$ cat data_20.txt   # compact mmCIF, C-alpha atoms
# COMPACT_ATOMS: atom_id res chain seq x y z
CA MET A 1 91.37 90.10 103.04
CA SER A 2 91.11 93.29 105.04
CA SER A 3 88.59 93.74 107.85
CA PRO A 4 85.83 96.34 107.91
CA LEU A 5 87.25 99.79 108.54
CA PRO A 6 85.40 102.44 110.54
CA LEU A 7 85.14 105.61 108.48
CA PRO A 8 84.89 109.11 109.96
CA PRO A 9 81.36 110.18 108.98
CA ASP A 10 82.48 113.43 107.39
CA THR A 11 84.81 111.81 104.81
CA LEU A 12 83.80 111.62 101.16
CA ALA A 13 83.99 107.82 101.27
CA ALA A 14 81.58 107.60 104.22
CA ARG A 15 79.20 110.15 102.70
CA SER A 16 79.33 108.28 99.38
CA LEU A 17 78.43 104.97 101.01
CA ALA A 18 75.53 106.66 102.75
CA SER A 19 74.12 108.31 99.65
CA VAL A 20 75.49 106.80 96.39
CA TRP A 21 74.76 103.44 94.80
CA HIS A 22 77.99 102.70 92.94
CA PRO A 23 77.86 100.95 89.53
CA CYS A 24 78.87 97.35 88.86
CA THR A 25 79.52 96.90 92.58
CA GLN A 26 78.37 94.64 95.38
CA MET A 27 78.05 97.47 97.89
CA LYS A 28 78.65 95.21 100.91
CA ARG A 29 82.26 94.78 99.78
CA HIS A 30 82.86 98.45 100.56
CA GLU A 31 82.65 97.56 104.24
CA ALA A 32 86.17 96.18 103.87
CA GLN A 33 87.38 98.35 100.98
CA PRO A 34 85.83 101.85 100.97
CA PRO A 35 85.65 103.75 97.66
CA VAL A 36 88.69 105.90 96.96
CA ALA A 37 87.87 109.60 97.04
CA ILE A 38 89.42 111.45 94.08
CA ALA A 39 89.91 115.20 94.28
CA ARG A 40 91.39 115.97 90.86
CA ALA A 41 93.04 114.45 87.81
CA GLN A 42 95.79 115.53 85.45
CA GLY A 43 97.20 113.66 82.48
CA PRO A 44 97.24 109.92 83.25
CA TRP A 45 97.12 110.53 87.02
CA LEU A 46 94.27 110.58 89.52
CA TYR A 47 94.85 112.38 92.84
CA GLY A 48 93.07 111.28 95.99
CA THR A 49 91.78 113.63 98.67
CA ASP A 50 94.61 112.27 100.85
CA GLY A 51 97.23 113.36 98.31
CA GLN A 52 97.92 109.84 97.01
CA ARG A 53 98.19 109.64 93.23
CA TYR A 54 97.20 106.72 91.01
CA LEU A 55 98.08 105.95 87.41
CA ASP A 56 94.83 105.47 85.49
CA GLY A 57 95.80 102.21 83.79
CA ILE A 58 92.31 101.57 82.40
CA SER A 59 91.48 105.12 81.29
CA SER A 60 88.59 105.35 83.76
CA TRP A 61 86.62 102.52 82.15
CA TRP A 62 88.22 102.99 78.74
CA VAL A 63 86.98 106.54 78.09
CA ASN A 64 89.99 108.79 78.65
CA LEU A 65 92.17 109.05 75.56
CA PHE A 66 94.56 111.98 75.94
CA GLY A 67 94.79 112.27 79.71
CA HIS A 68 92.56 114.01 82.20
CA SER A 69 91.99 117.77 82.09
CA HIS A 70 93.58 118.14 78.67
CA PRO A 71 94.01 121.88 78.03
CA HIS A 72 92.72 121.74 74.44
CA ILE A 73 89.47 120.01 75.41
CA LYS A 74 89.05 122.25 78.46
CA ALA A 75 89.47 125.37 76.33
CA ALA A 76 86.89 124.14 73.84
CA LEU A 77 84.38 123.45 76.60
CA VAL A 78 84.89 126.84 78.21
CA ASP A 79 84.42 128.55 74.84
CA GLN A 80 81.27 126.54 74.08
CA LEU A 81 79.81 127.18 77.53
CA GLY A 82 79.95 130.88 76.78
CA LYS A 83 77.89 130.39 73.61
CA LEU A 84 75.37 127.57 73.96
CA ASP A 85 75.07 125.01 76.72
CA HIS A 86 72.07 123.06 75.42
CA VAL A 87 69.12 123.16 73.08
CA MET A 88 66.86 120.27 72.20
CA LEU A 89 67.73 118.72 68.86
CA ALA A 90 64.10 118.14 67.82
CA GLY A 91 63.35 121.02 65.47
CA PHE A 92 66.65 122.78 66.23
CA THR A 93 70.30 122.33 65.34
CA HIS A 94 73.64 123.92 66.21
CA GLU A 95 77.18 124.16 64.88
CA PRO A 96 78.93 121.56 67.10
CA VAL A 97 76.47 118.75 66.26
CA VAL A 98 76.60 119.52 62.53
CA GLU A 99 80.38 119.73 62.43
CA LEU A 100 80.81 116.57 64.51
CA SER A 101 78.42 114.65 62.28
CA GLU A 102 80.34 115.78 59.22
CA ARG A 103 83.66 114.76 60.79
CA LEU A 104 82.40 111.32 61.80
CA ALA A 105 80.94 110.74 58.34
CA ALA A 106 84.28 111.60 56.77
CA LEU A 107 86.10 109.21 59.11
CA THR A 108 83.74 106.25 58.69
CA GLY A 109 82.07 106.52 55.31
CA LEU A 110 78.69 106.43 57.08
CA GLY A 111 76.49 109.38 57.93
CA HIS A 112 73.22 110.61 59.40
CA ALA A 113 74.58 110.47 62.95
CA PHE A 114 71.98 109.83 65.63
CA TYR A 115 73.10 110.77 69.14
CA GLY A 116 72.48 109.23 72.54
CA SER A 117 73.96 109.46 76.01
CA ASP A 118 76.11 106.34 76.42
CA GLY A 119 77.14 103.05 74.87
CA ALA A 120 74.05 101.09 75.88
CA ALA A 121 71.88 103.82 74.35
CA ALA A 122 73.85 103.49 71.11
CA THR A 123 73.19 99.75 71.06
CA GLU A 124 69.48 100.32 71.65
CA ILE A 125 69.36 102.89 68.85
CA ALA A 126 71.09 100.62 66.34
CA LEU A 127 68.91 97.61 67.14
CA LYS A 128 65.67 99.59 67.00
CA MET A 129 66.76 101.29 63.79
CA SER A 130 67.57 97.98 62.14
CA ALA A 131 64.29 96.28 63.07
CA HIS A 132 62.29 99.39 62.12
CA TYR A 133 64.09 99.55 58.78
CA TRP A 134 62.90 96.06 57.90
CA ARG A 135 59.38 96.92 59.07
CA ASN A 136 59.34 99.99 56.84
CA ARG A 137 60.58 97.84 53.99
CA GLY A 138 57.60 95.51 54.39
CA ARG A 139 59.49 92.70 56.11
CA PRO A 140 58.40 92.93 59.76
CA ALA A 141 59.35 89.30 60.45
CA LYS A 142 63.00 90.39 60.42
CA SER A 143 62.98 91.55 64.03
CA ARG A 144 65.46 89.32 65.85
CA PHE A 145 69.19 89.65 66.45
CA VAL A 146 72.26 87.48 66.72
CA GLY A 147 75.59 88.16 68.41
CA LEU A 148 78.76 86.44 69.50
CA ALA A 149 79.14 84.12 72.46
CA GLY A 150 80.62 86.24 75.23
CA GLY A 151 79.49 89.46 73.58
CA TYR A 152 78.82 92.59 75.63
CA HIS A 153 76.85 95.57 74.35
CA GLY A 154 75.48 97.30 77.45
CA GLU A 155 73.15 96.71 80.37
CA THR A 156 69.84 98.35 79.52
CA VAL A 157 67.10 95.86 78.69
CA GLY A 158 67.49 96.02 74.91
CA ALA A 159 71.28 95.93 75.10
CA LEU A 160 71.16 92.99 77.51
CA ALA A 161 69.31 91.04 74.86
CA VAL A 162 72.50 90.91 72.78
CA THR A 163 74.87 90.65 75.77
CA ASP A 164 76.02 87.10 76.46
CA ILE A 165 77.58 87.49 79.92
CA ALA A 166 75.42 85.71 82.45
CA ILE A 167 76.18 87.79 85.54
CA PHE A 168 74.80 90.90 83.86
CA ARG A 169 71.56 89.47 82.55
CA GLU A 170 70.47 86.43 84.58
CA ALA A 171 68.61 88.48 87.19
CA TYR A 172 66.68 90.24 84.43
CA ALA A 173 65.95 87.24 82.21
CA PRO A 174 62.14 87.65 82.50
CA LEU A 175 62.48 91.18 81.11
CA VAL A 176 64.79 90.37 78.22
CA ARG A 177 63.98 89.07 74.75
CA LEU A 178 67.20 87.12 74.34
CA ALA A 179 69.04 87.19 71.05
CA ASP A 180 70.75 84.12 69.66
CA THR A 181 74.51 83.62 69.80
CA VAL A 182 77.03 82.09 67.41
CA PRO A 183 80.58 80.92 68.22
CA SER A 184 83.15 83.55 69.09
CA PRO A 185 86.28 83.81 66.92
CA ASP A 186 88.35 84.31 70.11
CA ALA A 187 91.87 83.32 69.06
CA ARG A 188 92.44 81.69 72.47
CA GLY A 189 90.19 78.89 71.24
CA ALA A 190 92.75 77.71 68.70
CA ALA A 191 93.42 73.99 68.70
CA ALA A 192 96.96 72.65 68.32
CA GLY A 193 98.35 73.88 65.02
CA GLU A 194 95.54 76.36 64.39
CA SER A 195 96.07 80.07 63.74
CA ALA A 196 93.81 82.99 64.63
CA ASP A 197 92.64 82.96 61.00
CA ASP A 198 91.71 79.28 61.33
CA VAL A 199 89.58 80.07 64.40
CA ALA A 200 87.97 82.96 62.49
CA ARG A 201 87.06 80.68 59.59
CA ARG A 202 85.62 78.07 61.93
CA ALA A 203 83.54 80.67 63.78
CA ALA A 204 82.38 82.20 60.49
CA ALA A 205 81.15 78.79 59.41
CA GLY A 206 78.99 78.76 62.53
CA LEU A 207 77.57 82.15 61.62
CA GLU A 208 76.92 80.97 58.07
CA ALA A 209 75.02 77.92 59.25
CA TRP A 210 72.92 80.00 61.62
CA LEU A 211 72.06 82.66 59.03
CA ALA A 212 71.20 80.05 56.43
CA GLU A 213 68.45 78.81 58.73
CA HIS A 214 67.30 82.03 60.42
CA HIS A 215 67.95 84.95 58.05
CA GLU A 216 64.26 85.46 57.26
CA THR A 217 63.62 86.50 60.88
CA THR A 218 66.98 88.16 61.58
CA ALA A 219 67.36 91.92 61.40
CA ALA A 220 71.03 92.30 62.35
CA PHE A 221 74.23 90.64 63.50
CA ILE A 222 76.08 92.69 66.15
CA VAL A 223 79.79 92.26 66.87
CA GLU A 224 82.58 93.93 68.82
CA PRO A 225 85.23 94.16 66.11
CA LEU A 226 88.63 92.59 66.91
CA VAL A 227 88.28 92.70 70.72
CA GLN A 228 85.46 91.41 72.92
CA CYS A 229 86.44 93.50 75.91
CA ALA A 230 84.15 92.34 78.71
CA ALA A 231 84.82 88.72 77.71
CA GLY A 232 88.39 89.14 78.95
CA MET A 233 89.84 91.09 76.02
CA ALA A 234 89.15 88.20 73.63
CA MET A 235 90.89 89.13 70.38
CA HIS A 236 90.17 87.78 66.91
CA SER A 237 91.42 87.97 63.36
CA PRO A 238 90.10 90.69 61.02
CA ASP A 239 89.27 87.86 58.62
CA TYR A 240 86.19 87.12 60.73
CA LEU A 241 84.80 90.57 60.02
CA ARG A 242 85.39 90.18 56.29
CA ARG A 243 83.53 86.89 56.28
CA ALA A 244 80.73 88.30 58.45
CA ARG A 245 80.29 91.19 56.00
CA GLU A 246 79.99 88.80 53.07
CA LEU A 247 77.51 86.60 54.92
CA CYS A 248 75.36 89.54 56.03
CA ASP A 249 75.22 90.74 52.43
CA ARG A 250 74.33 87.27 51.15
CA TYR A 251 71.53 86.75 53.67
CA GLU A 252 70.24 90.35 53.80
CA VAL A 253 71.08 90.97 57.45
CA HIS A 254 72.47 94.22 58.83
CA LEU A 255 76.02 94.20 60.20
CA VAL A 256 76.30 96.31 63.37
CA VAL A 257 79.81 96.98 64.68
CA ASP A 258 80.02 97.99 68.31
CA GLU A 259 83.07 100.28 68.39
CA ILE A 260 82.09 101.74 71.76
CA ALA A 261 85.20 100.44 73.54
CA VAL A 262 87.55 99.77 70.62
CA GLY A 263 87.02 102.89 68.52
CA PHE A 264 89.17 106.02 68.38
CA GLY A 265 92.57 104.43 68.07
CA ARG A 266 92.38 101.72 70.71
CA THR A 267 93.25 98.89 68.31
CA GLY A 268 95.85 100.81 66.30
CA THR A 269 93.52 102.17 63.62
CA MET A 270 90.94 104.88 64.10
CA PHE A 271 88.22 102.23 64.11
CA ALA A 272 88.77 98.51 64.58
CA HIS A 273 86.64 97.36 61.64
CA GLN A 274 88.86 99.32 59.28
CA GLN A 275 91.55 96.66 59.72
CA ALA A 276 89.24 94.30 57.85
CA GLY A 277 88.61 96.77 55.03
CA ILE A 278 84.83 96.55 55.40
CA ARG A 279 81.96 99.00 55.72
CA PRO A 280 79.26 98.03 58.24
CA ASP A 281 75.61 99.05 58.10
CA PHE A 282 75.74 100.60 61.58
CA ILE A 283 78.56 101.83 63.80
CA CYS A 284 78.02 102.41 67.53
CA LEU A 285 80.37 104.93 69.16
CA SER A 286 80.80 106.24 72.70
CA LYS A 287 83.43 106.10 75.51
CA GLY A 288 86.45 107.84 73.93
CA LEU A 289 84.24 109.97 71.69
CA THR A 290 84.57 112.99 74.01
CA GLY A 291 88.02 112.12 75.30
CA GLY A 292 86.52 111.02 78.61
CA THR A 293 84.95 114.34 79.54
CA LEU A 294 81.18 114.17 78.95
CA PRO A 295 78.69 111.39 78.18
CA LEU A 296 77.86 111.08 74.49
CA SER A 297 77.20 108.30 72.01
CA ALA A 298 76.49 108.18 68.30
CA VAL A 299 75.15 105.71 65.78
CA LEU A 300 76.10 106.13 62.13
CA THR A 301 74.38 104.31 59.28
CA THR A 302 73.98 104.12 55.53
CA ASP A 303 71.98 106.25 53.10
CA ALA A 304 69.78 103.22 52.40
CA VAL A 305 68.78 102.87 56.05
CA TYR A 306 68.13 106.59 56.35
CA ALA A 307 66.01 106.60 53.19
CA ALA A 308 63.72 103.85 54.55
CA PHE A 309 62.52 106.26 57.28
CA TYR A 310 62.13 109.33 55.03
CA ASP A 311 58.39 109.63 54.48
CA ASP A 312 55.29 111.78 55.00
CA ASP A 313 54.01 109.23 57.52
CA VAL A 314 55.21 110.17 61.02
CA ALA A 315 54.98 106.56 62.17
CA ARG A 316 57.62 105.59 59.61
CA GLY A 317 60.08 108.03 61.19
CA PHE A 318 62.59 107.02 63.87
CA LEU A 319 60.71 108.23 66.95
CA HIS A 320 63.50 107.79 69.48
CA SER A 321 64.90 110.55 71.62
CA HIS A 322 67.02 111.56 74.59
CA SER A 323 66.56 114.91 76.29
CA TYR A 324 70.26 115.67 75.85
CA THR A 325 70.56 114.30 72.31
CA GLY A 326 73.44 116.05 70.55
CA ASN A 327 74.31 118.25 73.54
CA PRO A 328 76.49 121.14 72.27
CA LEU A 329 79.04 120.84 75.08
CA ALA A 330 79.54 117.12 74.53
CA CYS A 331 79.74 117.57 70.76
CA ARG A 332 82.32 120.32 71.18
CA ALA A 333 84.38 118.07 73.45
CA ALA A 334 84.23 115.36 70.78
CA LEU A 335 85.40 117.81 68.12
CA ALA A 336 88.31 118.88 70.31
CA THR A 337 89.21 115.21 70.82
CA LEU A 338 89.25 114.56 67.08
CA GLU A 339 91.41 117.66 66.62
CA LEU A 340 93.98 116.15 69.00
CA PHE A 341 94.26 113.06 66.82
CA ASP A 342 95.39 115.30 63.97
CA ALA A 343 97.53 117.69 66.01
CA LEU A 344 99.41 114.91 67.82
CA ASP A 345 99.48 112.39 64.94
CA ALA A 346 98.09 110.13 67.64
CA LEU A 347 97.92 106.84 65.75
CA THR A 348 101.60 107.04 64.80
CA ALA A 349 102.57 108.17 68.30
CA ASN A 350 100.57 105.32 69.82
CA ALA A 351 102.44 102.75 67.75
CA ALA A 352 105.74 103.97 69.21
CA LEU A 353 104.32 104.21 72.74
CA ALA A 354 102.94 100.67 72.51
CA LEU A 355 106.42 99.31 71.74
CA ARG A 356 107.82 101.06 74.81
CA ILE A 357 105.07 99.57 76.98
CA ASP A 358 105.65 96.14 75.39
CA SER A 359 109.28 96.30 76.41
CA ALA A 360 108.55 97.48 79.94
CA CYS A 361 105.86 94.80 80.42
CA ALA A 362 107.98 91.94 79.07
CA PRO A 363 108.39 90.43 82.59
CA ILE A 364 104.59 90.11 82.80
CA THR A 365 104.30 88.69 79.29
CA HIS A 366 106.90 86.03 80.10
CA HIS A 367 105.73 85.38 83.65
CA PRO A 368 105.44 81.62 84.32
CA ARG A 369 101.83 82.01 85.46
CA VAL A 370 100.68 84.03 82.44
CA ARG A 371 98.89 82.45 79.48
CA HIS A 372 97.84 83.96 76.15
CA ALA A 373 99.72 87.25 76.47
CA ARG A 374 98.37 89.50 73.74
CA ARG A 375 98.29 93.07 72.58
CA LEU A 376 96.38 94.95 69.91
CA GLY A 377 97.11 98.64 69.52
CA MET A 378 96.81 100.20 72.98
CA ILE A 379 95.14 97.18 74.62
CA TRP A 380 97.17 94.61 76.58
CA ALA A 381 95.87 91.41 78.16
CA TRP A 382 97.35 88.49 80.08
CA ASP A 383 95.39 85.46 81.33
CA VAL A 384 96.62 84.43 84.77
CA ASP A 385 96.81 80.80 85.89
CA THR A 386 95.58 81.10 89.46
CA SER A 387 93.43 79.16 91.90
CA LEU A 388 92.09 82.32 93.52
CA PRO A 389 88.36 82.65 92.77
CA ASP A 390 88.51 86.35 93.70
CA PHE A 391 91.74 87.06 91.84
CA ALA A 392 90.37 90.27 90.27
CA ARG A 393 89.42 91.86 93.60
CA ARG A 394 92.67 90.90 95.30
CA TYR A 395 94.76 92.08 92.37
CA HIS A 396 92.96 95.42 92.22
CA GLN A 397 93.74 96.09 95.87
CA HIS A 398 97.42 95.23 95.45
CA ALA A 399 97.63 97.48 92.38
CA MET A 400 95.97 100.38 94.20
CA ALA A 401 98.46 99.98 97.04
CA ARG A 402 101.16 100.57 94.42
CA GLY A 403 99.49 103.67 92.99
CA LEU A 404 98.04 101.91 89.96
CA VAL A 405 94.42 101.53 88.80
CA LEU A 406 93.96 98.11 87.18
CA ARG A 407 90.78 96.00 87.42
CA PRO A 408 91.15 92.48 85.99
CA ILE A 409 88.19 90.84 84.29
CA GLY A 410 87.94 87.49 86.03
CA LYS A 411 91.42 86.04 85.75
CA THR A 412 92.42 88.25 82.84
CA LEU A 413 94.73 91.11 83.72
CA TYR A 414 94.54 93.91 81.18
CA ALA A 415 95.74 97.47 80.65
CA MET A 416 94.14 100.15 78.49
CA PRO A 417 95.97 103.35 79.46
CA PRO A 418 95.61 106.87 78.08
CA TYR A 419 97.64 107.67 74.98
CA LEU A 420 99.99 110.11 76.70
CA LEU A 421 102.35 108.19 79.02
CA ASP A 422 105.85 109.48 79.72
CA ASP A 423 108.69 107.19 80.82
CA GLU A 424 107.76 107.54 84.50
CA ALA A 425 104.17 106.51 83.81
CA VAL A 426 105.26 103.57 81.63
CA GLN A 427 107.50 102.28 84.41
CA CYS A 428 104.77 102.80 87.02
CA LEU A 429 102.41 100.73 84.90
CA ALA A 430 104.86 97.92 84.20
CA ARG A 431 106.48 97.62 87.62
CA GLY A 432 103.28 98.13 89.57
CA ALA A 433 101.40 95.57 87.46
CA LEU A 434 104.15 92.97 87.93
CA ASP A 435 104.55 93.59 91.66
CA ALA A 436 100.79 93.41 92.18
CA LEU A 437 100.66 90.15 90.24
CA ASN A 438 103.34 88.51 92.36
CA ALA A 439 101.78 89.80 95.59
CA THR A 440 98.37 88.43 94.59
CA LEU A 441 99.70 85.03 93.62
CA GLN A 442 101.46 84.76 96.98
CA GLU A 443 98.01 84.75 98.59
CA GLU A 444 97.14 81.40 97.02
CA THR A 445 98.61 79.63 100.07
$ encode --input "data_20.txt" --output "C-alpha cells"
Amino acid sequence: MSSPLPLPPDTLAARSLASVWHPCTQMKRHEAQPPVAIARAQGPWLYGTDGQRYLDGISSWWVNLFGHSHPHIKAALVDQLGKLDHVMLAGFTHEPVVELSERLAALTGLGHAFYGSDGAAATEIALKMSAHYWRNRGRPAKSRFVGLAGGYHGETVGALAVTDIAIFREAYAPLVRLADTVPSPDARGAAAGESADDVARRAAAGLEAWLAEHHETTAAFIVEPLVQCAAGMAMHSPDYLRRARELCDRYEVHLVVDEIAVGFGRTGTMFAHQQAGIRPDFICLSKGLTGGTLPLSAVLTTDAVYAAFYDDDVARGFLHSHSYTGNPLACRAALATLELFDALDALTANAALALRIDSACAPITHHPRVRHARRLGMIWAWDVDTSLPDFARRYHQHAMARGLVLRPIGKTLYAMPPYLLDDEAVQCLARGALDALNATLQEET
C-alpha cells in the first residue's frame, strides 16, 4: 500500500489529524491515507477542497436520502431558524415536534414518539422502555434481551449489549451486560435446495426454542428487519418477521424493530417491517429521518406501553432525556424530508431507479469473483471471493481514486446511494465500482 505522506501543516487534513479523533478508525492508518477534506456537497456529489468530486455511493453512512443540500430541506431549516432554534422538551412543546410525531404515527401505526440524538440512543431508549414497562407491570424479572447473531444496534454500552459483532464490543466486555443471540435468518446460509423462506423458518425455530425456555426473564427481542447491514448486508425473508411477531405475542415478549438503517424507503417500502405485514411494539428510527442534515432519532411504541408509565408516581415515568430532545430544527428537517417522499413519489421513483442501477451493475453481479449478489430496494451487495485480508481498505482507496465513495464491510461490497441519481451518476457508480473491484483483485499477487 502507499507510504506515509508528509502533509503541509496548514491543510485541513493535517489539522484534522492533529485535533480530531475520527470515528470507527484506526488513526495510525491515516499516516498512509490522510482523511479527505470536503469543502461542499451537492446532490449525490461531495467536493474536496482540491476540487475533486466524489459520488457518495453510501449516502454518507446511509443517512442522505435526497442528495446533499436539497433546496426544500434547506428552505425549511432557514425558515425554522428564524422562528425557534431550540427549547427543552421537558415542560414545553413546539409545532415541528408535534407535527412530526403525528406524521410518524400515521406512517407506522404507532405513536407517542420519544426523541433522541442518534441510532444508538434510540436503541437505548427502546430497551430501557421495554424493561421498565415490565417492571411497572409487576414483572421485574423480565429484564433481559435477545437479538440475532450478527446483529448491530449501536455502540453505546446498552446498545452494545444487543450488538453481536465482536470487533465493536470485545474491548468493552467488562462494561456490557450481554444479551443472548439466536440464529440469523441470513439467506446466504441456505443449504442446497433451500430457499430464503426455508432459512427463515429454520431460524424462527431457533427463536421459538429460546423463548420457550427464557421468556419469563426476557423483555424484548430486537431485530433489524430484512437487512442486517453491519453484518455484510445480510438479507432475509419477510416470513421471519411474521413468525417472530407470532412468537413474541405467544411468549409475551416485546418485538423491537431497528429501522435505523433500513427505514425511509431503503428496502422499497417506507419501512422494512411493512413487507411482512406486522406491527411491532417498538420502532427505532434515525439516519435518513432528517434526510442526512441533522442528528435525530425517534422511538415509537404502542398505547399499551405508554399507558404503563402513565401514573401519579414520578418513579413510574420514563425518566430519560437528552438536552436536545425533539430539537425544532431537526424536527423541521425531518418534516421536509417526509414532504419530499410525497412530492417526488419517491418509492415509485426508486423502483425505476433501482432497475437502471441493476442494469448498469450487471457486470459486477456476474463477475466471476462475486458470490451472493443481492439487492433489496435501494441496497445492493456483492460478496467478493478474495484472499486479501484487507480487501475493504484496498477497495476503498481504489474507489476513491475513481471519484467514488464505497466502503466494503469485510469482503462484502455494497452500495446504498441517495435516491436522486441521474444517468451520469449511475454510470459513475457502476463503472467505478467495477474498475475498483478489478484493480483490487489484481493486488492479490
$ atom_distance --input "data_20.txt" --atom1 "atom CA of Pro280 of chain A" --atom2 "atom CA of Val262 of chain A"
15.0 Å
$ closest_atom_pairs --input "data_20.txt" --of "segment 321-356 of chain A" --to "segment 80-94 of chain A" --cutoff "8 Å" --atoms "all atoms listed in the file" --output "JSON lines"
{"residue": "A:Ser323", "atom": "CA", "partner": "A:Met88", "partner_atom": "CA", "distance": 6.7}
{"residue": "A:Tyr324", "atom": "CA", "partner": "A:Met88", "partner_atom": "CA", "distance": 6.8}
{"residue": "A:Thr325", "atom": "CA", "partner": "A:Leu89", "partner_atom": "CA", "distance": 6.3}
{"residue": "A:Gly326", "atom": "CA", "partner": "A:Leu89", "partner_atom": "CA", "distance": 6.5}
{"residue": "A:Asn327", "atom": "CA", "partner": "A:His86", "partner_atom": "CA", "distance": 5.6}
{"residue": "A:Pro328", "atom": "CA", "partner": "A:His86", "partner_atom": "CA", "distance": 5.8}
{"residue": "A:Leu329", "atom": "CA", "partner": "A:Asp85", "partner_atom": "CA", "distance": 6.0}
{"residue": "A:Arg332", "atom": "CA", "partner": "A:Gln80", "partner_atom": "CA", "distance": 6.9}
$ atom_distance --input "data_20.txt" --atom1 "atom CA of Asp258 of chain A" --atom2 "atom CA of Tyr152 of chain A"
9.2 Å
$ residues_around --input "data_20.txt" --residues "Val384 of chain A" --least-positions-apart "3" --cutoff "7 Å" --atoms "all atoms listed in the file" --output "PyMOL selection string"
chain A and resi 369-371+411-412
$ residues_around --input "data_20.txt" --residues "Thr11 of chain A" --least-positions-apart "2" --cutoff "12 Å" --atoms "all atoms listed in the file" --output "list in words"
Pro6, Leu7, Pro8, Pro9, Ala13, Ala14, Arg15, Ser16, Leu17, Ala18, Pro34, Pro35, Val36, Ala37, Ile38, Thr49 and Asp50 of chain A
$ write_last_selection --input "data_20.txt" --atoms "C-alpha atoms" --output "mmCIF file, in the frame of the given file"
data_model
loop_
_atom_site.group_PDB
_atom_site.id
_atom_site.type_symbol
_atom_site.label_atom_id
_atom_site.label_comp_id
_atom_site.auth_asym_id
_atom_site.auth_seq_id
_atom_site.Cartn_x
_atom_site.Cartn_y
_atom_site.Cartn_z
ATOM 1 C CA PRO A 6 85.400 102.440 110.540
ATOM 2 C CA LEU A 7 85.140 105.610 108.480
ATOM 3 C CA PRO A 8 84.890 109.110 109.960
ATOM 4 C CA PRO A 9 81.360 110.180 108.980
ATOM 5 C CA ALA A 13 83.990 107.820 101.270
ATOM 6 C CA ALA A 14 81.580 107.600 104.220
ATOM 7 C CA ARG A 15 79.200 110.150 102.700
ATOM 8 C CA SER A 16 79.330 108.280 99.380
ATOM 9 C CA LEU A 17 78.430 104.970 101.010
ATOM 10 C CA ALA A 18 75.530 106.660 102.750
ATOM 11 C CA PRO A 34 85.830 101.850 100.970
ATOM 12 C CA PRO A 35 85.650 103.750 97.660
ATOM 13 C CA VAL A 36 88.690 105.900 96.960
ATOM 14 C CA ALA A 37 87.870 109.600 97.040
ATOM 15 C CA ILE A 38 89.420 111.450 94.080
ATOM 16 C CA THR A 49 91.780 113.630 98.670
ATOM 17 C CA ASP A 50 94.610 112.270 100.850
#
$ residues_near_point --input "data_20.txt" --point "(60.2, 107.6, 63.4)" --cutoff "12 Å" --atoms "only C-alpha atoms" --output "ChimeraX atom specification"
/A:125,128-129,132-133,135-136,306-321
$ write_last_selection --input "data_20.txt" --atoms "C-alpha atoms" --output "PDB file, in the frame of the given file"
ATOM      1  CA  ILE A 125      69.360 102.890  68.850  1.00  0.00           C
ATOM      2  CA  LYS A 128      65.670  99.590  67.000  1.00  0.00           C
ATOM      3  CA  MET A 129      66.760 101.290  63.790  1.00  0.00           C
ATOM      4  CA  HIS A 132      62.290  99.390  62.120  1.00  0.00           C
ATOM      5  CA  TYR A 133      64.090  99.550  58.780  1.00  0.00           C
ATOM      6  CA  ARG A 135      59.380  96.920  59.070  1.00  0.00           C
ATOM      7  CA  ASN A 136      59.340  99.990  56.840  1.00  0.00           C
ATOM      8  CA  TYR A 306      68.130 106.590  56.350  1.00  0.00           C
ATOM      9  CA  ALA A 307      66.010 106.600  53.190  1.00  0.00           C
ATOM     10  CA  ALA A 308      63.720 103.850  54.550  1.00  0.00           C
ATOM     11  CA  PHE A 309      62.520 106.260  57.280  1.00  0.00           C
ATOM     12  CA  TYR A 310      62.130 109.330  55.030  1.00  0.00           C
ATOM     13  CA  ASP A 311      58.390 109.630  54.480  1.00  0.00           C
ATOM     14  CA  ASP A 312      55.290 111.780  55.000  1.00  0.00           C
ATOM     15  CA  ASP A 313      54.010 109.230  57.520  1.00  0.00           C
ATOM     16  CA  VAL A 314      55.210 110.170  61.020  1.00  0.00           C
ATOM     17  CA  ALA A 315      54.980 106.560  62.170  1.00  0.00           C
ATOM     18  CA  ARG A 316      57.620 105.590  59.610  1.00  0.00           C
ATOM     19  CA  GLY A 317      60.080 108.030  61.190  1.00  0.00           C
ATOM     20  CA  PHE A 318      62.590 107.020  63.870  1.00  0.00           C
ATOM     21  CA  LEU A 319      60.710 108.230  66.950  1.00  0.00           C
ATOM     22  CA  HIS A 320      63.500 107.790  69.480  1.00  0.00           C
ATOM     23  CA  SER A 321      64.900 110.550  71.620  1.00  0.00           C
TER      24      SER A 321
END
$ residues_around --input "data_20.txt" --residues "Glu102 of chain A" --least-positions-apart "3" --cutoff "12 Å" --atoms "only C-alpha atoms" --output "PDB file with C-alpha atoms, in the frame of the given file"
ATOM      1  CA  GLU A  95      77.180 124.160  64.880  1.00  0.00           C
ATOM      2  CA  PRO A  96      78.930 121.560  67.100  1.00  0.00           C
ATOM      3  CA  VAL A  97      76.470 118.750  66.260  1.00  0.00           C
ATOM      4  CA  VAL A  98      76.600 119.520  62.530  1.00  0.00           C
ATOM      5  CA  GLU A  99      80.380 119.730  62.430  1.00  0.00           C
ATOM      6  CA  ALA A 105      80.940 110.740  58.340  1.00  0.00           C
ATOM      7  CA  ALA A 106      84.280 111.600  56.770  1.00  0.00           C
ATOM      8  CA  LEU A 107      86.100 109.210  59.110  1.00  0.00           C
ATOM      9  CA  THR A 108      83.740 106.250  58.690  1.00  0.00           C
ATOM     10  CA  GLY A 109      82.070 106.520  55.310  1.00  0.00           C
ATOM     11  CA  LEU A 110      78.690 106.430  57.080  1.00  0.00           C
ATOM     12  CA  GLY A 111      76.490 109.380  57.930  1.00  0.00           C
ATOM     13  CA  HIS A 112      73.220 110.610  59.400  1.00  0.00           C
ATOM     14  CA  ALA A 113      74.580 110.470  62.950  1.00  0.00           C
ATOM     15  CA  LEU A 300      76.100 106.130  62.130  1.00  0.00           C
ATOM     16  CA  CYS A 331      79.740 117.570  70.760  1.00  0.00           C
ATOM     17  CA  LEU A 335      85.400 117.810  68.120  1.00  0.00           C
ATOM     18  CA  LEU A 338      89.250 114.560  67.080  1.00  0.00           C
TER      19      LEU A 338
END
$ closest_residue --input "data_20.txt" --among "A:Gly263, A:Pro183, A:Pro368, A:Pro71" --to "Ser297 of chain A" --atoms "all atoms listed in the file"
A:Gly263
$ residues_around --input "data_20.txt" --residues "Arg201 of chain A" --least-positions-apart "2" --cutoff "9 Å" --atoms "only C-alpha atoms" --output "PyMOL selection string"
chain A and resi 185+196-199+203-206+239-240+243
